[in-house]
Amino acid sequence: MFANSMSSNAIPGAQSRASQYRYCGMSIKLVVIGNGPVGHKFLEQLCESGHSGAFDISVFGEEPRAAYDRVHLTAWFESRSAEPLNMVPEGFYASHNITAHLGDKVVAIDRERQIVRSQNGMEVQYDKIVLATGSYPFVPPVPGHERDNCFVYRTIEDLEAITAAAATSSSGVVIGGGLLGLEAAK
């Protein structure tokens, strides 16, 4: 996917913008907003394409850990560990010169100044942005949905909170019959 869009074969004799920057000794400042499975897959493909050296890459993720497999999130209950779900090989960011800002979501994009600002106040300049922010869980607007011990089932932190609440509860209700909802009901 990415390799094709960076190809200089599309216009005979033309060089890609990434190649032009590289030859000038400059790097394209690339910010990836979202460090979930899609954001990570993009980074993997960029690195595998051989073009990552033309970029100064920063990735921001709201969660405190690197990308993990959300589809198999219920496997967390088997070990109470995020490690089996981890999608990022050890040393991946360092070996590809990627700066990872974990636990720090982007809260503003200043398109005029080409700067992103994070929740922790960090500002990073960009030439290109990739938005890989993923999904957001829908919570039906029913009375009581804002009460204590009402959870969504989307992140490892959600599972930790559900587990803590279940330790002092005698019953529970699952609303939603999607893949994760059915798994949660087990």
# chains A, B, ... in the order shown; residues from 1 in each chain; ligands from 1
call {"tool": "residues_around", "arguments": {"residues": "Gly181 of chain A", "least_positions_apart": "5", "cutoff": "10 Å", "atoms": "only C-alpha atoms", "output": "MDAnalysis selection string"}}
result
chainID A and resid 152:154 174:176 186
call {"tool": "write_last_selection", "arguments": {"atoms": "all heavy atoms", "output": "CSV table (one decimal), in the first residue's frame"}}
result
chain,number,residue,atom,x,y,z
A,152,VAL,N,-17.0,0.3,29.6
A,152,VAL,CA,-16.9,-0.1,28.2
A,152,VAL,C,-15.8,-1.2,28.1
A,152,VAL,O,-15.0,-1.4,29.1
A,152,VAL,CB,-16.5,1.0,27.2
A,152,VAL,CG1,-17.6,2.0,27.2
A,152,VAL,CG2,-15.2,1.7,27.6
A,153,TYR,N,-15.7,-2.0,27.1
A,153,TYR,CA,-14.8,-3.1,26.9
A,153,TYR,C,-14.0,-2.9,25.7
A,153,TYR,O,-14.4,-3.3,24.6
A,153,TYR,CB,-15.7,-4.4,26.8
A,153,TYR,CG,-14.9,-5.7,26.9
A,153,TYR,CD1,-15.0,-6.5,28.0
A,153,TYR,CD2,-14.2,-6.1,25.8
A,153,TYR,CE1,-14.4,-7.7,28.0
A,153,TYR,CE2,-13.5,-7.4,25.8
A,153,TYR,CZ,-13.7,-8.2,26.9
A,153,TYR,OH,-13.0,-9.4,27.0
A,154,ARG,N,-12.9,-2.1,25.8
A,154,ARG,CA,-12.2,-1.7,24.6
A,154,ARG,C,-10.7,-1.8,24.8
A,154,ARG,O,-9.9,-2.0,23.9
A,154,ARG,CB,-12.6,-0.3,24.2
A,154,ARG,CG,-11.9,0.1,22.9
A,154,ARG,CD,-12.4,1.5,22.4
A,154,ARG,NE,-11.5,2.0,21.5
A,154,ARG,CZ,-10.5,2.8,21.8
A,154,ARG,NH1,-10.2,3.2,23.0
A,154,ARG,NH2,-9.7,3.3,20.8
A,174,VAL,N,-24.2,-7.4,30.7
A,174,VAL,CA,-23.5,-7.0,29.5
A,174,VAL,C,-24.5,-6.5,28.6
A,174,VAL,O,-25.5,-7.2,28.3
A,174,VAL,CB,-22.7,-8.2,28.9
A,174,VAL,CG1,-22.1,-7.8,27.6
A,174,VAL,CG2,-21.6,-8.7,29.9
A,175,ILE,N,-24.3,-5.3,28.1
A,175,ILE,CA,-25.2,-4.7,27.0
A,175,ILE,C,-24.4,-4.7,25.8
A,175,ILE,O,-23.3,-4.0,25.7
A,175,ILE,CB,-25.7,-3.3,27.4
A,175,ILE,CG1,-26.4,-3.4,28.7
A,175,ILE,CG2,-26.5,-2.7,26.3
A,175,ILE,CD1,-26.8,-2.0,29.3
A,176,GLY,N,-24.8,-5.3,24.8
A,176,GLY,CA,-24.1,-5.4,23.5
A,176,GLY,C,-23.7,-6.8,23.1
A,176,GLY,O,-23.2,-7.5,24.0
A,186,LYS,N,-19.0,-14.1,28.9
A,186,LYS,CA,-18.6,-15.4,29.4
A,186,LYS,C,-18.3,-15.3,30.8
A,186,LYS,O,-17.9,-15.8,31.6
A,186,LYS,CB,-17.3,-15.9,28.7
A,186,LYS,CG,-17.6,-16.4,27.3
A,186,LYS,CD,-16.3,-17.0,26.8
A,186,LYS,CE,-16.1,-17.2,25.4
A,186,LYS,NZ,-14.8,-17.7,25.0
call {"tool": "residues_around", "arguments": {"residues": "segment 30-33 of chain A", "least_positions_apart": "6", "cutoff": "10 Å", "atoms": "only C-alpha atoms", "output": "PDB file with all heavy atoms, in the first residue's frame"}}
result
ATOM      1  N   GLY A  39      -2.421   2.064  13.277  1.00  0.00           N
ATOM      2  CA  GLY A  39      -1.246   2.941  13.302  1.00  0.00           C
ATOM      3  C   GLY A  39       0.035   2.143  13.262  1.00  0.00           C
ATOM      4  O   GLY A  39       0.989   2.489  12.554  1.00  0.00           O
ATOM      5  N   HIS A  40       0.067   1.052  14.017  1.00  0.00           N
ATOM      6  CA  HIS A  40       1.272   0.222  14.028  1.00  0.00           C
ATOM      7  C   HIS A  40       1.491  -0.470  12.685  1.00  0.00           C
ATOM      8  O   HIS A  40       2.622  -0.554  12.207  1.00  0.00           O
ATOM      9  CB  HIS A  40       1.237  -0.810  15.155  1.00  0.00           C
ATOM     10  CG  HIS A  40       2.461  -1.648  15.175  1.00  0.00           C
ATOM     11  ND1 HIS A  40       3.699  -1.123  15.472  1.00  0.00           N
ATOM     12  CD2 HIS A  40       2.658  -2.943  14.872  1.00  0.00           C
ATOM     13  CE1 HIS A  40       4.603  -2.085  15.370  1.00  0.00           C
ATOM     14  NE2 HIS A  40       3.992  -3.191  14.996  1.00  0.00           N
ATOM     15  N   PHE A  42       0.656   0.626   9.796  1.00  0.00           N
ATOM     16  CA  PHE A  42       1.194   1.656   8.906  1.00  0.00           C
ATOM     17  C   PHE A  42       2.700   1.802   9.120  1.00  0.00           C
ATOM     18  O   PHE A  42       3.469   1.840   8.153  1.00  0.00           O
ATOM     19  CB  PHE A  42       0.491   2.998   9.141  1.00  0.00           C
ATOM     20  CG  PHE A  42       1.158   4.129   8.421  1.00  0.00           C
ATOM     21  CD1 PHE A  42       0.927   4.333   7.063  1.00  0.00           C
ATOM     22  CD2 PHE A  42       2.035   4.973   9.077  1.00  0.00           C
ATOM     23  CE1 PHE A  42       1.572   5.352   6.393  1.00  0.00           C
ATOM     24  CE2 PHE A  42       2.687   5.999   8.410  1.00  0.00           C
ATOM     25  CZ  PHE A  42       2.449   6.195   7.060  1.00  0.00           C
ATOM     26  N   LEU A  43       3.121   1.898  10.386  1.00  0.00           N
ATOM     27  CA  LEU A  43       4.556   2.041  10.680  1.00  0.00           C
ATOM     28  C   LEU A  43       5.345   0.833  10.187  1.00  0.00           C
ATOM     29  O   LEU A  43       6.429   0.989   9.613  1.00  0.00           O
ATOM     30  CB  LEU A  43       4.777   2.252  12.181  1.00  0.00           C
ATOM     31  CG  LEU A  43       4.276   3.574  12.747  1.00  0.00           C
ATOM     32  CD1 LEU A  43       4.401   3.580  14.261  1.00  0.00           C
ATOM     33  CD2 LEU A  43       5.023   4.748  12.132  1.00  0.00           C
ATOM     34  N   SER A  52      11.414   4.558   5.205  1.00  0.00           N
ATOM     35  CA  SER A  52      11.300   5.191   6.521  1.00  0.00           C
ATOM     36  C   SER A  52      12.473   6.115   6.835  1.00  0.00           C
ATOM     37  O   SER A  52      12.331   7.050   7.612  1.00  0.00           O
ATOM     38  CB  SER A  52      11.143   4.143   7.620  1.00  0.00           C
ATOM     39  OG  SER A  52      12.288   3.319   7.700  1.00  0.00           O
ATOM     40  N   ALA A  54      13.613   8.402   5.142  1.00  0.00           N
ATOM     41  CA  ALA A  54      13.349   9.758   4.658  1.00  0.00           C
ATOM     42  C   ALA A  54      12.490  10.548   5.644  1.00  0.00           C
ATOM     43  O   ALA A  54      12.232  11.721   5.428  1.00  0.00           O
ATOM     44  CB  ALA A  54      12.649   9.711   3.303  1.00  0.00           C
ATOM     45  N   PHE A  55      12.055   9.898   6.726  1.00  0.00           N
ATOM     46  CA  PHE A  55      11.122  10.520   7.655  1.00  0.00           C
ATOM     47  C   PHE A  55      11.699  10.638   9.054  1.00  0.00           C
ATOM     48  O   PHE A  55      12.466   9.783   9.506  1.00  0.00           O
ATOM     49  CB  PHE A  55       9.830   9.687   7.733  1.00  0.00           C
ATOM     50  CG  PHE A  55       9.062   9.636   6.451  1.00  0.00           C
ATOM     51  CD1 PHE A  55       9.301   8.637   5.531  1.00  0.00           C
ATOM     52  CD2 PHE A  55       8.107  10.599   6.162  1.00  0.00           C
ATOM     53  CE1 PHE A  55       8.598   8.581   4.337  1.00  0.00           C
ATOM     54  CE2 PHE A  55       7.399  10.561   4.969  1.00  0.00           C
ATOM     55  CZ  PHE A  55       7.646   9.548   4.054  1.00  0.00           C
ATOM     56  N   ASP A  56      11.305  11.703   9.726  1.00  0.00           N
ATOM     57  CA  ASP A  56      11.509  11.869  11.164  1.00  0.00           C
ATOM     58  C   ASP A  56      10.141  11.550  11.756  1.00  0.00           C
ATOM     59  O   ASP A  56       9.210  12.341  11.638  1.00  0.00           O
ATOM     60  CB  ASP A  56      11.935  13.303  11.454  1.00  0.00           C
ATOM     61  CG  ASP A  56      12.072  13.601  12.930  1.00  0.00           C
ATOM     62  OD1 ASP A  56      12.069  12.649  13.738  1.00  0.00           O
ATOM     63  OD2 ASP A  56      12.175  14.785  13.286  1.00  0.00           O
ATOM     64  N   ILE A  57      10.002  10.359  12.353  1.00  0.00           N
ATOM     65  CA  ILE A  57       8.689   9.830  12.725  1.00  0.00           C
ATOM     66  C   ILE A  57       8.423   9.962  14.221  1.00  0.00           C
ATOM     67  O   ILE A  57       9.244   9.554  15.043  1.00  0.00           O
ATOM     68  CB  ILE A  57       8.568   8.340  12.328  1.00  0.00           C
ATOM     69  CG1 ILE A  57       8.881   8.154  10.844  1.00  0.00           C
ATOM     70  CG2 ILE A  57       7.191   7.798  12.676  1.00  0.00           C
ATOM     71  CD1 ILE A  57       9.050   6.698  10.434  1.00  0.00           C
ATOM     72  N   SER A  58       7.253  10.501  14.528  1.00  0.00           N
ATOM     73  CA  SER A  58       6.746  10.522  15.901  1.00  0.00           C
ATOM     74  C   SER A  58       5.374   9.857  15.888  1.00  0.00           C
ATOM     75  O   SER A  58       4.575  10.101  14.983  1.00  0.00           O
ATOM     76  CB  SER A  58       6.581  11.951  16.415  1.00  0.00           C
ATOM     77  OG  SER A  58       7.827  12.592  16.529  1.00  0.00           O
ATOM     78  N   VAL A  59       5.114   9.022  16.889  1.00  0.00           N
ATOM     79  CA  VAL A  59       3.809   8.391  17.021  1.00  0.00           C
ATOM     80  C   VAL A  59       3.267   8.698  18.412  1.00  0.00           C
ATOM     81  O   VAL A  59       4.006   8.646  19.399  1.00  0.00           O
ATOM     82  CB  VAL A  59       3.862   6.863  16.752  1.00  0.00           C
ATOM     83  CG1 VAL A  59       4.781   6.142  17.717  1.00  0.00           C
ATOM     84  CG2 VAL A  59       2.468   6.253  16.787  1.00  0.00           C
ATOM     85  N   PHE A  60       1.989   9.073  18.460  1.00  0.00           N
ATOM     86  CA  PHE A  60       1.317   9.365  19.725  1.00  0.00           C
ATOM     87  C   PHE A  60       0.247   8.314  19.967  1.00  0.00           C
ATOM     88  O   PHE A  60      -0.530   7.981  19.064  1.00  0.00           O
ATOM     89  CB  PHE A  60       0.639  10.744  19.682  1.00  0.00           C
ATOM     90  CG  PHE A  60       1.583  11.894  19.805  1.00  0.00           C
ATOM     91  CD1 PHE A  60       2.254  12.384  18.689  1.00  0.00           C
ATOM     92  CD2 PHE A  60       1.818  12.488  21.032  1.00  0.00           C
ATOM     93  CE1 PHE A  60       3.126  13.457  18.797  1.00  0.00           C
ATOM     94  CE2 PHE A  60       2.697  13.557  21.154  1.00  0.00           C
ATOM     95  CZ  PHE A  60       3.354  14.045  20.025  1.00  0.00           C
ATOM     96  N   GLY A  61       0.201   7.827  21.203  1.00  0.00           N
ATOM     97  CA  GLY A  61      -0.826   6.879  21.594  1.00  0.00           C
ATOM     98  C   GLY A  61      -1.413   7.261  22.931  1.00  0.00           C
ATOM     99  O   GLY A  61      -0.679   7.573  23.874  1.00  0.00           O
ATOM    100  N   GLU A  62      -2.716   7.233  23.019  1.00  0.00           N
ATOM    101  CA  GLU A  62      -3.406   7.595  24.256  1.00  0.00           C
ATOM    102  C   GLU A  62      -3.139   6.596  25.378  1.00  0.00           C
ATOM    103  O   GLU A  62      -3.062   6.964  26.547  1.00  0.00           O
ATOM    104  CB  GLU A  62      -4.904   7.675  23.967  1.00  0.00           C
ATOM    105  CG  GLU A  62      -5.743   8.065  25.151  1.00  0.00           C
ATOM    106  CD  GLU A  62      -7.215   8.218  24.786  1.00  0.00           C
ATOM    107  OE1 GLU A  62      -7.574   8.117  23.596  1.00  0.00           O
ATOM    108  OE2 GLU A  62      -7.996   8.441  25.718  1.00  0.00           O
ATOM    109  N   ILE A  98      11.983   5.825  15.555  1.00  0.00           N
ATOM    110  CA  ILE A  98      10.618   6.314  15.782  1.00  0.00           C
ATOM    111  C   ILE A  98      10.517   6.789  17.230  1.00  0.00           C
ATOM    112  O   ILE A  98      10.882   6.061  18.154  1.00  0.00           O
ATOM    113  CB  ILE A  98       9.581   5.201  15.524  1.00  0.00           C
ATOM    114  CG1 ILE A  98       9.628   4.758  14.057  1.00  0.00           C
ATOM    115  CG2 ILE A  98       8.183   5.664  15.917  1.00  0.00           C
ATOM    116  CD1 ILE A  98       8.809   3.519  13.746  1.00  0.00           C
ATOM    117  N   THR A  99      10.050   8.009  17.409  1.00  0.00           N
ATOM    118  CA  THR A  99       9.830   8.538  18.754  1.00  0.00           C
ATOM    119  C   THR A  99       8.389   8.224  19.142  1.00  0.00           C
ATOM    120  O   THR A  99       7.449   8.691  18.489  1.00  0.00           O
ATOM    121  CB  THR A  99      10.071  10.058  18.793  1.00  0.00           C
ATOM    122  OG1 THR A  99      11.398  10.329  18.330  1.00  0.00           O
ATOM    123  CG2 THR A  99       9.890  10.599  20.199  1.00  0.00           C
ATOM    124  N   ALA A 100       8.222   7.425  20.185  1.00  0.00           N
ATOM    125  CA  ALA A 100       6.893   7.019  20.640  1.00  0.00           C
ATOM    126  C   ALA A 100       6.503   7.813  21.881  1.00  0.00           C
ATOM    127  O   ALA A 100       7.246   7.850  22.855  1.00  0.00           O
ATOM    128  CB  ALA A 100       6.864   5.531  20.932  1.00  0.00           C
ATOM    129  N   HIS A 101       5.361   8.442  21.817  1.00  0.00           N
ATOM    130  CA  HIS A 101       4.797   9.190  22.942  1.00  0.00           C
ATOM    131  C   HIS A 101       3.583   8.406  23.431  1.00  0.00           C
ATOM    132  O   HIS A 101       2.464   8.607  22.955  1.00  0.00           O
ATOM    133  CB  HIS A 101       4.397  10.598  22.504  1.00  0.00           C
ATOM    134  CG  HIS A 101       5.505  11.373  21.874  1.00  0.00           C
ATOM    135  ND1 HIS A 101       6.495  11.992  22.611  1.00  0.00           N
ATOM    136  CD2 HIS A 101       5.801  11.604  20.570  1.00  0.00           C
ATOM    137  CE1 HIS A 101       7.337  12.585  21.791  1.00  0.00           C
ATOM    138  NE2 HIS A 101       6.940  12.363  20.540  1.00  0.00           N
ATOM    139  N   LYS A 105      -2.132  11.541  24.450  1.00  0.00           N
ATOM    140  CA  LYS A 105      -2.925  11.697  23.229  1.00  0.00           C
ATOM    141  C   LYS A 105      -2.798  13.107  22.666  1.00  0.00           C
ATOM    142  O   LYS A 105      -2.564  14.075  23.399  1.00  0.00           O
ATOM    143  CB  LYS A 105      -4.386  11.347  23.472  1.00  0.00           C
ATOM    144  CG  LYS A 105      -5.174  12.346  24.296  1.00  0.00           C
ATOM    145  CD  LYS A 105      -6.625  11.914  24.398  1.00  0.00           C
ATOM    146  CE  LYS A 105      -7.432  12.893  25.220  1.00  0.00           C
ATOM    147  NZ  LYS A 105      -8.840  12.511  25.266  1.00  0.00           N
ATOM    148  N   VAL A 106      -2.963  13.214  21.367  1.00  0.00           N
ATOM    149  CA  VAL A 106      -2.973  14.511  20.701  1.00  0.00           C
ATOM    150  C   VAL A 106      -4.333  15.145  20.931  1.00  0.00           C
ATOM    151  O   VAL A 106      -5.370  14.517  20.733  1.00  0.00           O
ATOM    152  CB  VAL A 106      -2.667  14.356  19.193  1.00  0.00           C
ATOM    153  CG1 VAL A 106      -2.924  15.658  18.441  1.00  0.00           C
ATOM    154  CG2 VAL A 106      -1.224  13.904  18.985  1.00  0.00           C
ATOM    155  N   ILE A 115       1.644  22.018  13.562  1.00  0.00           N
ATOM    156  CA  ILE A 115       2.080  21.530  14.873  1.00  0.00           C
ATOM    157  C   ILE A 115       0.932  20.740  15.496  1.00  0.00           C
ATOM    158  O   ILE A 115      -0.231  21.139  15.402  1.00  0.00           O
ATOM    159  CB  ILE A 115       2.479  22.701  15.805  1.00  0.00           C
ATOM    160  CG1 ILE A 115       3.775  23.341  15.305  1.00  0.00           C
ATOM    161  CG2 ILE A 115       2.623  22.245  17.251  1.00  0.00           C
ATOM    162  CD1 ILE A 115       4.186  24.572  16.070  1.00  0.00           C
ATOM    163  N   VAL A 116       1.275  19.613  16.136  1.00  0.00           N
ATOM    164  CA  VAL A 116       0.301  18.913  16.964  1.00  0.00           C
ATOM    165  C   VAL A 116       0.653  19.194  18.417  1.00  0.00           C
ATOM    166  O   VAL A 116       1.829  19.352  18.763  1.00  0.00           O
ATOM    167  CB  VAL A 116       0.259  17.386  16.700  1.00  0.00           C
ATOM    168  CG1 VAL A 116      -0.147  17.092  15.270  1.00  0.00           C
ATOM    169  CG2 VAL A 116       1.569  16.716  17.040  1.00  0.00           C
ATOM    170  N   VAL A 124       4.768  19.119  18.577  1.00  0.00           N
ATOM    171  CA  VAL A 124       5.638  18.487  17.584  1.00  0.00           C
ATOM    172  C   VAL A 124       5.239  19.011  16.212  1.00  0.00           C
ATOM    173  O   VAL A 124       4.064  18.982  15.844  1.00  0.00           O
ATOM    174  CB  VAL A 124       5.519  16.940  17.625  1.00  0.00           C
ATOM    175  CG1 VAL A 124       6.330  16.298  16.515  1.00  0.00           C
ATOM    176  CG2 VAL A 124       5.951  16.413  18.988  1.00  0.00           C
ATOM    177  N   GLN A 125       6.234  19.479  15.485  1.00  0.00           N
ATOM    178  CA  GLN A 125       5.993  19.984  14.137  1.00  0.00           C
ATOM    179  C   GLN A 125       5.823  18.810  13.179  1.00  0.00           C
ATOM    180  O   GLN A 125       6.416  17.748  13.377  1.00  0.00           O
ATOM    181  CB  GLN A 125       7.158  20.850  13.699  1.00  0.00           C
ATOM    182  CG  GLN A 125       6.900  21.570  12.394  1.00  0.00           C
ATOM    183  CD  GLN A 125       8.037  22.508  12.024  1.00  0.00           C
ATOM    184  OE1 GLN A 125       9.106  22.473  12.615  1.00  0.00           O
ATOM    185  NE2 GLN A 125       7.795  23.346  11.027  1.00  0.00           N
ATOM    186  N   TYR A 126       5.049  19.003  12.121  1.00  0.00           N
ATOM    187  CA  TYR A 126       4.845  17.954  11.134  1.00  0.00           C
ATOM    188  C   TYR A 126       4.827  18.532   9.723  1.00  0.00           C
ATOM    189  O   TYR A 126       4.527  19.702   9.511  1.00  0.00           O
ATOM    190  CB  TYR A 126       3.531  17.196  11.396  1.00  0.00           C
ATOM    191  CG  TYR A 126       2.288  18.020  11.141  1.00  0.00           C
ATOM    192  CD1 TYR A 126       1.722  18.084   9.862  1.00  0.00           C
ATOM    193  CD2 TYR A 126       1.671  18.730  12.162  1.00  0.00           C
ATOM    194  CE1 TYR A 126       0.590  18.842   9.618  1.00  0.00           C
ATOM    195  CE2 TYR A 126       0.536  19.483  11.921  1.00  0.00           C
ATOM    196  CZ  TYR A 126       0.002  19.539  10.659  1.00  0.00           C
ATOM    197  OH  TYR A 126      -1.111  20.289  10.417  1.00  0.00           O
ATOM    198  N   ASP A 127       5.186  17.672   8.767  1.00  0.00           N
ATOM    199  CA  ASP A 127       4.959  17.935   7.343  1.00  0.00           C
ATOM    200  C   ASP A 127       3.771  17.111   6.871  1.00  0.00           C
ATOM    201  O   ASP A 127       2.993  17.545   6.028  1.00  0.00           O
ATOM    202  CB  ASP A 127       6.191  17.567   6.508  1.00  0.00           C
ATOM    203  CG  ASP A 127       7.399  18.432   6.840  1.00  0.00           C
ATOM    204  OD1 ASP A 127       7.254  19.668   6.845  1.00  0.00           O
ATOM    205  OD2 ASP A 127       8.482  17.863   7.102  1.00  0.00           O
ATOM    206  N   LYS A 128       3.663  15.899   7.425  1.00  0.00           N
ATOM    207  CA  LYS A 128       2.589  14.972   7.080  1.00  0.00           C
ATOM    208  C   LYS A 128       2.029  14.388   8.369  1.00  0.00           C
ATOM    209  O   LYS A 128       2.774  14.147   9.324  1.00  0.00           O
ATOM    210  CB  LYS A 128       3.096  13.814   6.209  1.00  0.00           C
ATOM    211  CG  LYS A 128       3.711  14.235   4.895  1.00  0.00           C
ATOM    212  CD  LYS A 128       2.655  14.622   3.912  1.00  0.00           C
ATOM    213  CE  LYS A 128       3.279  14.968   2.562  1.00  0.00           C
ATOM    214  NZ  LYS A 128       2.309  15.472   1.634  1.00  0.00           N
ATOM    215  N   ILE A 129       0.706  14.120   8.347  1.00  0.00           N
ATOM    216  CA  ILE A 129       0.033  13.493   9.503  1.00  0.00           C
ATOM    217  C   ILE A 129      -0.717  12.266   9.005  1.00  0.00           C
ATOM    218  O   ILE A 129      -1.321  12.290   7.937  1.00  0.00           O
ATOM    219  CB  ILE A 129      -0.977  14.452  10.160  1.00  0.00           C
ATOM    220  CG1 ILE A 129      -0.270  15.491  10.995  1.00  0.00           C
ATOM    221  CG2 ILE A 129      -1.956  13.700  11.042  1.00  0.00           C
ATOM    222  CD1 ILE A 129      -1.229  16.400  11.751  1.00  0.00           C
ATOM    223  N   VAL A 130      -0.689  11.219   9.813  1.00  0.00           N
ATOM    224  CA  VAL A 130      -1.529  10.055   9.593  1.00  0.00           C
ATOM    225  C   VAL A 130      -2.462   9.970  10.799  1.00  0.00           C
ATOM    226  O   VAL A 130      -1.999   9.926  11.941  1.00  0.00           O
ATOM    227  CB  VAL A 130      -0.699   8.755   9.461  1.00  0.00           C
ATOM    228  CG1 VAL A 130      -1.614   7.536   9.420  1.00  0.00           C
ATOM    229  CG2 VAL A 130       0.189   8.815   8.238  1.00  0.00           C
ATOM    230  N   LEU A 131      -3.770   9.971  10.546  1.00  0.00           N
ATOM    231  CA  LEU A 131      -4.751   9.831  11.618  1.00  0.00           C
ATOM    232  C   LEU A 131      -5.186   8.375  11.670  1.00  0.00           C
ATOM    233  O   LEU A 131      -5.835   7.884  10.747  1.00  0.00           O
ATOM    234  CB  LEU A 131      -5.963  10.733  11.379  1.00  0.00           C
ATOM    235  CG  LEU A 131      -5.679  12.233  11.338  1.00  0.00           C
ATOM    236  CD1 LEU A 131      -6.940  13.004  10.969  1.00  0.00           C
ATOM    237  CD2 LEU A 131      -5.143  12.711  12.672  1.00  0.00           C
ATOM    238  N   ALA A 132      -4.795   7.699  12.729  1.00  0.00           N
ATOM    239  CA  ALA A 132      -5.141   6.287  12.932  1.00  0.00           C
ATOM    240  C   ALA A 132      -5.707   6.146  14.333  1.00  0.00           C
ATOM    241  O   ALA A 132      -5.190   5.403  15.156  1.00  0.00           O
ATOM    242  CB  ALA A 132      -3.900   5.418  12.726  1.00  0.00           C
ATOM    243  N   THR A 133      -6.765   6.893  14.588  1.00  0.00           N
ATOM    244  CA  THR A 133      -7.289   7.021  15.948  1.00  0.00           C
ATOM    245  C   THR A 133      -8.229   5.915  16.376  1.00  0.00           C
ATOM    246  O   THR A 133      -8.650   5.884  17.531  1.00  0.00           O
ATOM    247  CB  THR A 133      -7.981   8.386  16.121  1.00  0.00           C
ATOM    248  OG1 THR A 133      -8.993   8.515  15.125  1.00  0.00           O
ATOM    249  CG2 THR A 133      -6.975   9.521  15.990  1.00  0.00           C
ATOM    250  N   GLY A 134      -8.581   5.019  15.476  1.00  0.00           N
ATOM    251  CA  GLY A 134      -9.382   3.865  15.870  1.00  0.00           C
ATOM    252  C   GLY A 134     -10.823   4.196  16.164  1.00  0.00           C
ATOM    253  O   GLY A 134     -11.352   5.223  15.769  1.00  0.00           O
TER     254      GLY A 134
END
call {"tool": "closest_residue", "arguments": {"among": "A:Ser135, A:Ser81, A:Ala165, A:Asp104", "to": "Asn120 of chain A", "atoms": "only C-alpha atoms"}}
result
A:Asp104
call {"tool": "atom_distance", "arguments": {"atom1": "atom CA of Glu183 of chain A", "atom2": "atom CA of Leu73 of chain A"}}
result
9.1 Å
call {"tool": "atom_distance", "arguments": {"atom1": "atom CA of Asn149 of chain A", "atom2": "atom CA of Ala161 of chain A"}}
result
8.3 Å
call {"tool": "select_by_dssp", "arguments": {"residues": "chain A", "states": "strand (DSSP E or B)", "output": "PDB file with C-alpha atoms, in the first residue's frame"}}
result
ATOM      1  CA  ILE A  28       9.924  14.746   6.259  1.00  0.00           C
ATOM      2  CA  LYS A  29       8.425  15.215   9.720  1.00  0.00           C
ATOM      3  CA  LEU A  30       5.740  12.537   9.985  1.00  0.00           C
ATOM      4  CA  VAL A  31       3.355  12.381  12.938  1.00  0.00           C
ATOM      5  CA  VAL A  32       1.172   9.305  13.380  1.00  0.00           C
ATOM      6  CA  ILE A  33      -1.749   9.974  15.707  1.00  0.00           C
ATOM      7  CA  PHE A  55      11.122  10.520   7.655  1.00  0.00           C
ATOM      8  CA  ASP A  56      11.509  11.869  11.164  1.00  0.00           C
ATOM      9  CA  ILE A  57       8.689   9.830  12.725  1.00  0.00           C
ATOM     10  CA  SER A  58       6.746  10.522  15.901  1.00  0.00           C
ATOM     11  CA  VAL A  59       3.809   8.391  17.021  1.00  0.00           C
ATOM     12  CA  PHE A  60       1.317   9.365  19.725  1.00  0.00           C
ATOM     13  CA  GLY A  61      -0.826   6.879  21.594  1.00  0.00           C
ATOM     14  CA  TYR A  68      -1.710  -4.606  20.977  1.00  0.00           C
ATOM     15  CA  ASN A  86       1.684  -6.990  22.172  1.00  0.00           C
ATOM     16  CA  ILE A  98      10.618   6.314  15.782  1.00  0.00           C
ATOM     17  CA  THR A  99       9.830   8.538  18.754  1.00  0.00           C
ATOM     18  CA  ALA A 100       6.893   7.019  20.640  1.00  0.00           C
ATOM     19  CA  HIS A 101       4.797   9.190  22.942  1.00  0.00           C
ATOM     20  CA  LEU A 102       2.748   6.615  24.847  1.00  0.00           C
ATOM     21  CA  VAL A 106      -2.973  14.511  20.701  1.00  0.00           C
ATOM     22  CA  VAL A 107      -5.570  17.110  21.657  1.00  0.00           C
ATOM     23  CA  ALA A 108      -5.030  19.729  18.934  1.00  0.00           C
ATOM     24  CA  ILE A 109      -3.770  20.008  15.377  1.00  0.00           C
ATOM     25  CA  ASP A 110      -2.690  23.498  14.327  1.00  0.00           C
ATOM     26  CA  ILE A 115       2.080  21.530  14.873  1.00  0.00           C
ATOM     27  CA  VAL A 116       0.301  18.913  16.964  1.00  0.00           C
ATOM     28  CA  ARG A 117      -0.157  19.493  20.693  1.00  0.00           C
ATOM     29  CA  SER A 118      -0.504  16.633  23.142  1.00  0.00           C
ATOM     30  CA  GLU A 123       4.245  20.308  20.614  1.00  0.00           C
ATOM     31  CA  VAL A 124       5.638  18.487  17.584  1.00  0.00           C
ATOM     32  CA  GLN A 125       5.993  19.984  14.137  1.00  0.00           C
ATOM     33  CA  LYS A 128       2.589  14.972   7.080  1.00  0.00           C
ATOM     34  CA  ILE A 129       0.033  13.493   9.503  1.00  0.00           C
ATOM     35  CA  VAL A 130      -1.529  10.055   9.593  1.00  0.00           C
ATOM     36  CA  LEU A 131      -4.751   9.831  11.618  1.00  0.00           C
TER      37      LEU A 131
END
call {"tool": "atom_distance", "arguments": {"atom1": "atom CA of Asn35 of chain A", "atom2": "atom CA of Pro64 of chain A"}}
result
10.1 Å
call {"tool": "select_by_dssp", "arguments": {"residues": "segment 18-185 of chain A", "states": "helix (DSSP H, G or I)", "output": "PyMOL selection string"}}
result
chain A and resi 18-23+37-49+52-54+73-79+83-85+92-95+156-166+179-185
call {"tool": "residues_around", "arguments": {"residues": "Met87 of chain A", "least_positions_apart": "4", "cutoff": "9 Å", "atoms": "only C-alpha atoms", "output": "number ranges by chain"}}
result
A: 37, 40, 66-69, 83
